[in-house]
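Visitor: This is the structure I have questions about; it appears just below.
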Amino acid sequence: MGNFGFTLIKERHIDFDANDKSIAEYISDREPSFRICIECGCCSATCTSGNFTPFSLRELQILLRRGENNKVKDEIRKCMLCGKCTLVCPRGVNTRNIVMLAREAFQKQEKYAV
Amino acid sequence: MFSMDGQIVIVGGGAAGMESAGQLARSGYHVTLIEKETITGGHVRNWYHLFPDRRDSREVIKYFDDLINHKNITLLTGLKVEGIDKHGMSFIVNTNSGTEIKADAVILSTGFDLFKSERKEEYGYGIYDNVITSADLEVMFRKGEIKLHNGVIPGKIGIIHCVGSRDEKVGNLYCSKLCCVTAVKQAMEIKEILENARVFCFYMDIRMGGALYEELYRESQEKYGINYIRGKVSEVSVNIDNKLVIKAEDTLVGRPLKMELDMLVLMAGMEMSESSKSISESAGLATGENRFFSPADHHFGSNKGNVEGVFYAGTCTAPMNITETISHARAVVSDVIGYMNNGDR
């Protein structure tokens, strides 16, 4: 059979219903300010990591809320926990704690996964 | 019941106070209007054009001046009300001159203060010469020239929305509601004076809820080429060329953005006026989480205070534009007349 180049392409949708929101829930239960982000981008504007790498805390937070966890898991480790994001956040989100909790949640998920 | 002979004292001679004084006077009531400044008019006097139709503020001031020029109105300027005491059914209004004024009903139209932008230190107001506020820009408009501190014409101007609004760091969780449309209006007016200037608005959300606001927003893009970037500016600094440098995340692109600017305009929000705090404390008037006066009922009593005989008009209860302020001030007249004639609560 010749290869005609046909292949199955995964659709681009965020599969909201199928996605795993347990990481977001884990964070939200322990740090309720996770819920009040309005995506203004102040955190990522001031972020030292974000100035030199594609790291964006704003983006990682929304990805977690949508359950797009695979894109977050390694990326979240790039944060250096300097806390500048916490200083500028107009909503008073405890961003540093969110980073810590996300790492913790991923770690637990890995440990107890079958 | 006091009927038409009763004394009504109105505290604050801005838009709300002047409108309610004028309407009450025309209905035959006697009113004492007290203003702490030497002239009436409040913030409107410092503004150039009003949105959405860009009416010259001087037209509005003239309307108010004509309205309060009435035999039933006693105008006391340069007098600051420090407190209100209730005795039975009437009030004693205490002023800084020691004068006590008796009243059967009090309307508080004490307005708002503009957010003091120095408090948002990371934006450099009061530190960098070419960081100004929306109010400073109105003064430049009135002069008909927009210049940098050194007299040079700016080529690239940034506008930051939500300065002192929706910001937990300064203790203001609420939206000041008018700054978005002010930014749009001012961006267009900049372009009318400086045809070649480039203007960039940095916003978190564009709130165009008022009549004709959305149309103004669209016009600003279509006819004036105003640029909108979705991201809150995190900090402002100055580079070696003495240009302002702002940092934001362009959240729709998903990358941090830096930009050199000649001038930066901060859209200062609205806060409960400092002068109304002592009044609130002296009379036991409830204030909300936003520190503005809390109306007795959000639907049916937006002009009524929690103390019988105390009424509110205008921005001492929440941010409002001039149209809303005038409507609110006209509404208080109906409540006050109901109270004076029938004792309606």
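Each chain in the structure tokens gets a letter, A, B, ..., in the order shown, and its residues are numbered from 1; ligands are numbered from 1 in order too.
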Which residues are near segment 44-57 of chain A? Cut-off 8 Å, only C-alpha atoms, ignore same chain within fewer than 2 positions. Put them as a PyMOL selection string.

Guide: (chain A and resi 41-42+59-61+75-76+78-80+84-85+88) or (chain B and resi 233-235+247-249+254-257)

Visitor: Any chance you could export the current selection's C-alpha atoms as a PDB file, in the first residue's frame?

Guide:
```
ATOM      1  CA  GLY A  41      -1.096  39.273  33.058  1.00  0.00           C
ATOM      2  CA  CYS A  42       0.557  41.440  35.686  1.00  0.00           C
ATOM      3  CA  GLU A  59      -1.114  30.883  31.165  1.00  0.00           C
ATOM      4  CA  LEU A  60      -0.289  27.964  33.449  1.00  0.00           C
ATOM      5  CA  GLN A  61      -3.131  28.900  35.795  1.00  0.00           C
ATOM      6  CA  GLU A  75       6.725  24.072  32.995  1.00  0.00           C
ATOM      7  CA  ILE A  76       5.646  24.958  36.552  1.00  0.00           C
ATOM      8  CA  LYS A  78      10.684  26.800  36.090  1.00  0.00           C
ATOM      9  CA  CYS A  79       9.334  29.237  38.687  1.00  0.00           C
ATOM     10  CA  MET A  80      12.081  30.488  41.012  1.00  0.00           C
ATOM     11  CA  LYS A  84       7.315  39.408  42.430  1.00  0.00           C
ATOM     12  CA  CYS A  85       4.062  38.166  40.923  1.00  0.00           C
ATOM     13  CA  VAL A  88       1.893  43.069  41.674  1.00  0.00           C
TER      14      VAL A  88
ATOM     15  CA  VAL B 233       1.056  47.238  33.262  1.00  0.00           C
ATOM     16  CA  SER B 234       3.167  45.856  36.087  1.00  0.00           C
ATOM     17  CA  GLU B 235       5.789  48.576  36.309  1.00  0.00           C
ATOM     18  CA  LYS B 247       6.200  46.255  31.137  1.00  0.00           C
ATOM     19  CA  ALA B 248       3.006  44.307  30.634  1.00  0.00           C
ATOM     20  CA  GLU B 249       2.017  40.921  29.400  1.00  0.00           C
ATOM     21  CA  GLY B 254       0.749  35.254  25.639  1.00  0.00           C
ATOM     22  CA  ARG B 255       4.113  36.983  25.818  1.00  0.00           C
ATOM     23  CA  PRO B 256       5.559  39.716  27.971  1.00  0.00           C
ATOM     24  CA  LEU B 257       5.744  43.063  26.230  1.00  0.00           C
TER      25      LEU B 257
END
```

Visitor: Could you please select, counting only C-alpha atoms, the residues of chain B within 12 Å of chain A and state them as a ChimeraX atom specification?

Guide: /B:120-123,161-174,202-206,229-236,246-259

Visitor: Grab the atom CA of Thr7 of chain A to atom CA of Arg66 of chain A distance for me, in Å with one decimal place.

Guide: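 Rounded to one decimal, the two atoms are 27.1 Å apart.
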
Visitor: Find, counting only C-alpha atoms, the residue in A:Gln107, A:Arg77, A:Asn70, A:Phe34 that gets nearest to Asn94 of chain A.

Guide: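 Among A:Gln107, A:Arg77, A:Asn70, A:Phe34, it is A:Phe34 that comes nearest to Asn94 of chain A.
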
Visitor: Would you return as JSON, numbers by chain the members of segment 66-293 of chain B that DSSP assigns to strand (DSSP E) on this structure's backbone?

Guide: {"B": [73, 74, 75, 76, 77, 81, 82, 83, 84, 85, 86, 87, 90, 91, 92, 93, 94, 95, 100, 101, 102, 103, 105, 106, 107, 108, 112, 113, 114, 131, 132, 133, 156, 157, 158, 159, 160, 161, 162, 163, 198, 199, 200, 201, 202, 203, 227, 228, 229, 230, 235, 236, 237, 238, 244, 245, 246, 247, 248, 249, 250, 255, 256, 257, 258, 259, 260, 261, 263, 264, 265, 266, 267, 268, 270, 271, 272]}

Visitor: With C-alpha atoms retained, export the selected residues as a compact mmCIF listing (two decimals), in the first residue's frame.

Guide:
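See again-v4.txt below for the written result:
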```
# COMPACT_ATOMS: atom_id res chain seq x y z
CA ILE B 73 -31.49 78.73 47.57
CA THR B 74 -29.04 80.03 50.16
CA LEU B 75 -25.55 79.25 48.92
CA LEU B 76 -22.74 79.02 51.46
CA THR B 77 -19.32 78.49 49.92
CA VAL B 81 -19.43 70.42 57.04
CA GLU B 82 -17.73 68.41 59.75
CA GLY B 83 -20.62 66.50 61.22
CA ILE B 84 -24.33 66.09 61.52
CA ASP B 85 -26.16 65.52 64.79
CA LYS B 86 -29.73 64.38 64.96
CA HIS B 87 -31.97 65.86 67.66
CA SER B 90 -34.29 67.58 63.13
CA PHE B 91 -30.58 67.93 62.49
CA ILE B 92 -27.80 70.26 63.48
CA VAL B 93 -25.24 70.56 60.70
CA ASN B 94 -21.84 71.51 62.17
CA THR B 95 -19.32 73.41 60.09
CA GLU B 100 -24.50 75.42 63.24
CA ILE B 101 -27.24 75.11 60.69
CA LYS B 102 -30.59 73.60 61.56
CA ALA B 103 -32.17 71.21 59.10
CA ALA B 105 -33.77 66.97 56.06
CA VAL B 106 -30.20 66.62 54.86
CA ILE B 107 -29.07 65.62 51.40
CA LEU B 108 -25.48 64.47 51.22
CA PHE B 112 -15.84 61.56 45.34
CA ASP B 113 -12.09 62.12 45.39
CA LEU B 114 -9.92 61.05 42.52
CA VAL B 131 3.63 60.22 34.02
CA ILE B 132 0.39 62.17 34.39
CA THR B 133 -3.21 61.41 35.36
CA LYS B 156 4.02 57.94 21.72
CA ILE B 157 1.54 57.98 24.55
CA GLY B 158 0.38 55.12 26.78
CA ILE B 159 -2.82 55.01 28.79
CA ILE B 160 -3.20 52.69 31.78
CA HIS B 161 -6.73 51.69 32.76
CA CYS B 162 -7.85 50.73 36.29
CA VAL B 163 -5.39 52.84 38.32
CA ARG B 198 0.51 56.90 18.55
CA VAL B 199 -1.72 55.97 21.47
CA PHE B 200 -1.80 52.64 23.30
CA CYS B 201 -4.38 51.69 25.92
CA PHE B 202 -3.44 48.96 28.39
CA TYR B 203 -6.53 47.34 29.86
CA ASN B 227 -4.33 50.61 19.85
CA TYR B 228 -5.62 48.40 22.63
CA ILE B 229 -3.37 45.91 24.41
CA ARG B 230 -4.85 43.48 26.90
CA GLU B 235 5.79 48.58 36.31
CA VAL B 236 7.16 51.74 34.76
CA SER B 237 10.80 52.76 34.65
CA VAL B 238 12.97 55.26 32.81
CA LEU B 244 9.45 55.79 29.98
CA VAL B 245 9.52 52.01 29.65
CA ILE B 246 6.49 49.98 30.59
CA LYS B 247 6.20 46.26 31.14
CA ALA B 248 3.01 44.31 30.63
CA GLU B 249 2.02 40.92 29.40
CA ASP B 250 0.24 41.01 26.09
CA ARG B 255 4.11 36.98 25.82
CA PRO B 256 5.56 39.72 27.97
CA LEU B 257 5.74 43.06 26.23
CA LYS B 258 7.88 46.13 26.81
CA MET B 259 7.37 49.48 25.20
CA GLU B 260 9.07 52.87 25.23
CA LEU B 261 6.74 55.79 25.70
CA MET B 263 4.13 60.05 28.08
CA LEU B 264 1.95 57.88 30.26
CA VAL B 265 -1.56 58.75 31.36
CA LEU B 266 -3.01 57.02 34.42
CA MET B 267 -6.78 56.56 34.51
CA ALA B 268 -7.33 57.44 38.16
CA MET B 270 -12.92 57.24 42.16
CA GLU B 271 -12.89 56.96 45.94
CA MET B 272 -15.28 58.02 48.69
```

Visitor: Rank B:Asn96, B:Ser278, B:Ser109, B:Thr323 by their smallest atom-to-atom distance to Gly13 of chain B, using only C-alpha atoms, and report the top residue only.

Guide: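 Checking each of B:Asn96, B:Ser278, B:Ser109, B:Thr323 against Gly13 of chain B, counting only C-alpha atoms, the winner is B:Ser109.
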
Visitor: Please give the complete set of residues from segment 100-318 of chain B that DSSP, run on the backbone, assigns to alpha helix (DSSP H), formatted as a ChimeraX atom specification.

Guide: /B:134-143,179-193,213-222,275-283

Visitor: Create the file for the chosen residues now, containing N, CA and C atoms and written as a short mmCIF file (atom, residue, chain, number, x, y, z; two decimals), in the first residue's frame.

Guide:
```cif
data_model
loop_
_atom_site.label_atom_id
_atom_site.label_comp_id
_atom_site.auth_asym_id
_atom_site.auth_seq_id
_atom_site.Cartn_x
_atom_site.Cartn_y
_atom_site.Cartn_z
N SER B 134 -5.35 61.23 34.28
CA SER B 134 -6.43 61.64 33.38
C SER B 134 -6.85 63.08 33.67
N ALA B 135 -6.84 63.46 34.96
CA ALA B 135 -7.23 64.83 35.33
C ALA B 135 -6.21 65.85 34.80
N ASP B 136 -4.91 65.50 34.90
CA ASP B 136 -3.86 66.40 34.37
C ASP B 136 -4.02 66.59 32.87
N LEU B 137 -4.41 65.50 32.20
CA LEU B 137 -4.56 65.58 30.75
C LEU B 137 -5.72 66.49 30.36
N GLU B 138 -6.80 66.47 31.15
CA GLU B 138 -7.93 67.36 30.87
C GLU B 138 -7.49 68.83 30.92
N VAL B 139 -6.59 69.13 31.87
CA VAL B 139 -6.07 70.50 31.98
C VAL B 139 -5.29 70.86 30.71
N MET B 140 -4.50 69.89 30.22
CA MET B 140 -3.74 70.13 28.98
C MET B 140 -4.69 70.35 27.80
N PHE B 141 -5.76 69.55 27.76
CA PHE B 141 -6.76 69.71 26.68
C PHE B 141 -7.34 71.12 26.70
N ARG B 142 -7.64 71.58 27.89
CA ARG B 142 -8.26 72.91 28.02
C ARG B 142 -7.30 73.99 27.50
N LYS B 143 -6.01 73.78 27.74
CA LYS B 143 -5.00 74.73 27.22
C LYS B 143 -4.79 74.54 25.72
N CYS B 179 -13.58 55.17 33.96
CA CYS B 179 -12.20 55.36 33.49
C CYS B 179 -11.99 54.76 32.11
N CYS B 180 -12.67 53.63 31.81
CA CYS B 180 -12.52 53.00 30.49
C CYS B 180 -12.97 53.97 29.40
N VAL B 181 -14.14 54.54 29.58
CA VAL B 181 -14.66 55.42 28.54
C VAL B 181 -13.88 56.74 28.53
N THR B 182 -13.37 57.14 29.70
CA THR B 182 -12.51 58.33 29.74
C THR B 182 -11.25 58.08 28.92
N ALA B 183 -10.69 56.88 29.05
CA ALA B 183 -9.49 56.53 28.29
C ALA B 183 -9.76 56.61 26.79
N VAL B 184 -10.89 56.08 26.38
CA VAL B 184 -11.25 56.09 24.96
C VAL B 184 -11.42 57.54 24.48
N LYS B 185 -12.15 58.31 25.26
CA LYS B 185 -12.38 59.72 24.90
C LYS B 185 -11.07 60.49 24.83
N GLN B 186 -10.22 60.28 25.86
CA GLN B 186 -8.97 61.04 25.90
C GLN B 186 -8.02 60.61 24.78
N ALA B 187 -8.03 59.31 24.46
CA ALA B 187 -7.18 58.82 23.37
C ALA B 187 -7.55 59.53 22.07
N MET B 188 -8.85 59.67 21.84
CA MET B 188 -9.32 60.33 20.62
C MET B 188 -8.94 61.82 20.64
N GLU B 189 -9.08 62.43 21.80
CA GLU B 189 -8.77 63.86 21.89
C GLU B 189 -7.27 64.14 21.73
N ILE B 190 -6.46 63.17 22.20
CA ILE B 190 -5.01 63.30 21.97
C ILE B 190 -4.75 63.34 20.47
N LYS B 191 -5.40 62.43 19.75
CA LYS B 191 -5.18 62.35 18.30
C LYS B 191 -5.69 63.59 17.57
N GLU B 192 -6.69 64.23 18.15
CA GLU B 192 -7.20 65.45 17.51
C GLU B 192 -6.20 66.60 17.65
N ILE B 193 -5.49 66.60 18.76
CA ILE B 193 -4.50 67.67 18.97
C ILE B 193 -3.16 67.28 18.32
N TYR B 213 -21.20 54.24 24.58
CA TYR B 213 -19.79 54.00 24.91
C TYR B 213 -19.14 53.07 23.88
N GLU B 214 -19.84 51.97 23.60
CA GLU B 214 -19.27 50.98 22.67
C GLU B 214 -19.02 51.62 21.30
N GLU B 215 -19.93 52.48 20.90
CA GLU B 215 -19.78 53.17 19.62
C GLU B 215 -18.53 54.06 19.63
N LEU B 216 -18.29 54.68 20.78
CA LEU B 216 -17.12 55.54 20.94
C LEU B 216 -15.83 54.71 20.84
N TYR B 217 -15.87 53.54 21.46
CA TYR B 217 -14.72 52.60 21.44
C TYR B 217 -14.40 52.20 20.01
N ARG B 218 -15.44 51.86 19.29
CA ARG B 218 -15.26 51.45 17.89
C ARG B 218 -14.72 52.62 17.06
N GLU B 219 -15.29 53.79 17.27
CA GLU B 219 -14.85 54.98 16.54
C GLU B 219 -13.36 55.25 16.80
N SER B 220 -12.94 55.00 18.05
CA SER B 220 -11.55 55.27 18.40
C SER B 220 -10.60 54.38 17.61
N GLN B 221 -11.05 53.17 17.30
CA GLN B 221 -10.22 52.26 16.51
C GLN B 221 -10.30 52.61 15.02
N GLU B 222 -11.55 52.82 14.58
CA GLU B 222 -11.82 52.99 13.17
C GLU B 222 -11.28 54.32 12.63
N SER B 275 -13.75 64.13 52.81
CA SER B 275 -14.54 65.04 53.63
C SER B 275 -15.85 64.43 54.13
N SER B 276 -16.28 63.32 53.51
CA SER B 276 -17.55 62.76 53.97
C SER B 276 -17.36 61.75 55.09
N LYS B 277 -16.10 61.42 55.39
CA LYS B 277 -15.86 60.40 56.41
C LYS B 277 -16.31 60.86 57.80
N SER B 278 -15.99 62.13 58.14
CA SER B 278 -16.38 62.61 59.46
C SER B 278 -17.90 62.75 59.56
N ILE B 279 -18.53 63.07 58.43
CA ILE B 279 -20.00 63.18 58.43
C ILE B 279 -20.60 61.80 58.68
N SER B 280 -20.04 60.82 57.99
CA SER B 280 -20.52 59.45 58.15
C SER B 280 -20.40 58.98 59.60
N GLU B 281 -19.26 59.30 60.21
CA GLU B 281 -19.03 58.87 61.60
C GLU B 281 -19.95 59.62 62.58
N SER B 282 -20.08 60.93 62.38
CA SER B 282 -20.87 61.73 63.33
C SER B 282 -22.34 61.33 63.33
N ALA B 283 -22.85 60.95 62.15
CA ALA B 283 -24.28 60.68 62.07
C ALA B 283 -24.61 59.19 62.08
#
```

Visitor: Hey, which of B:Glu324, B:Asp104, B:Asp66, B:Asp335 ends up closest to Val9 of chain B? Count only C-alpha atoms.

Guide: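 Ranking B:Glu324, B:Asp104, B:Asp66, B:Asp335 by distance to Val9 of chain B, first place goes to B:Asp104.
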
Visitor: Quick one, how far is atom CA of Arg55 of chain B from atom CA of Ile322 of chain B?

Guide: 11.3 Å

Visitor: Which neighbours of Ala313 of chain B fall inside 10 Å, counting only C-alpha atoms, when residues of the same chain fewer than 3 positions from it are skipped, and could you give them as a count of residues only?

Guide: 28
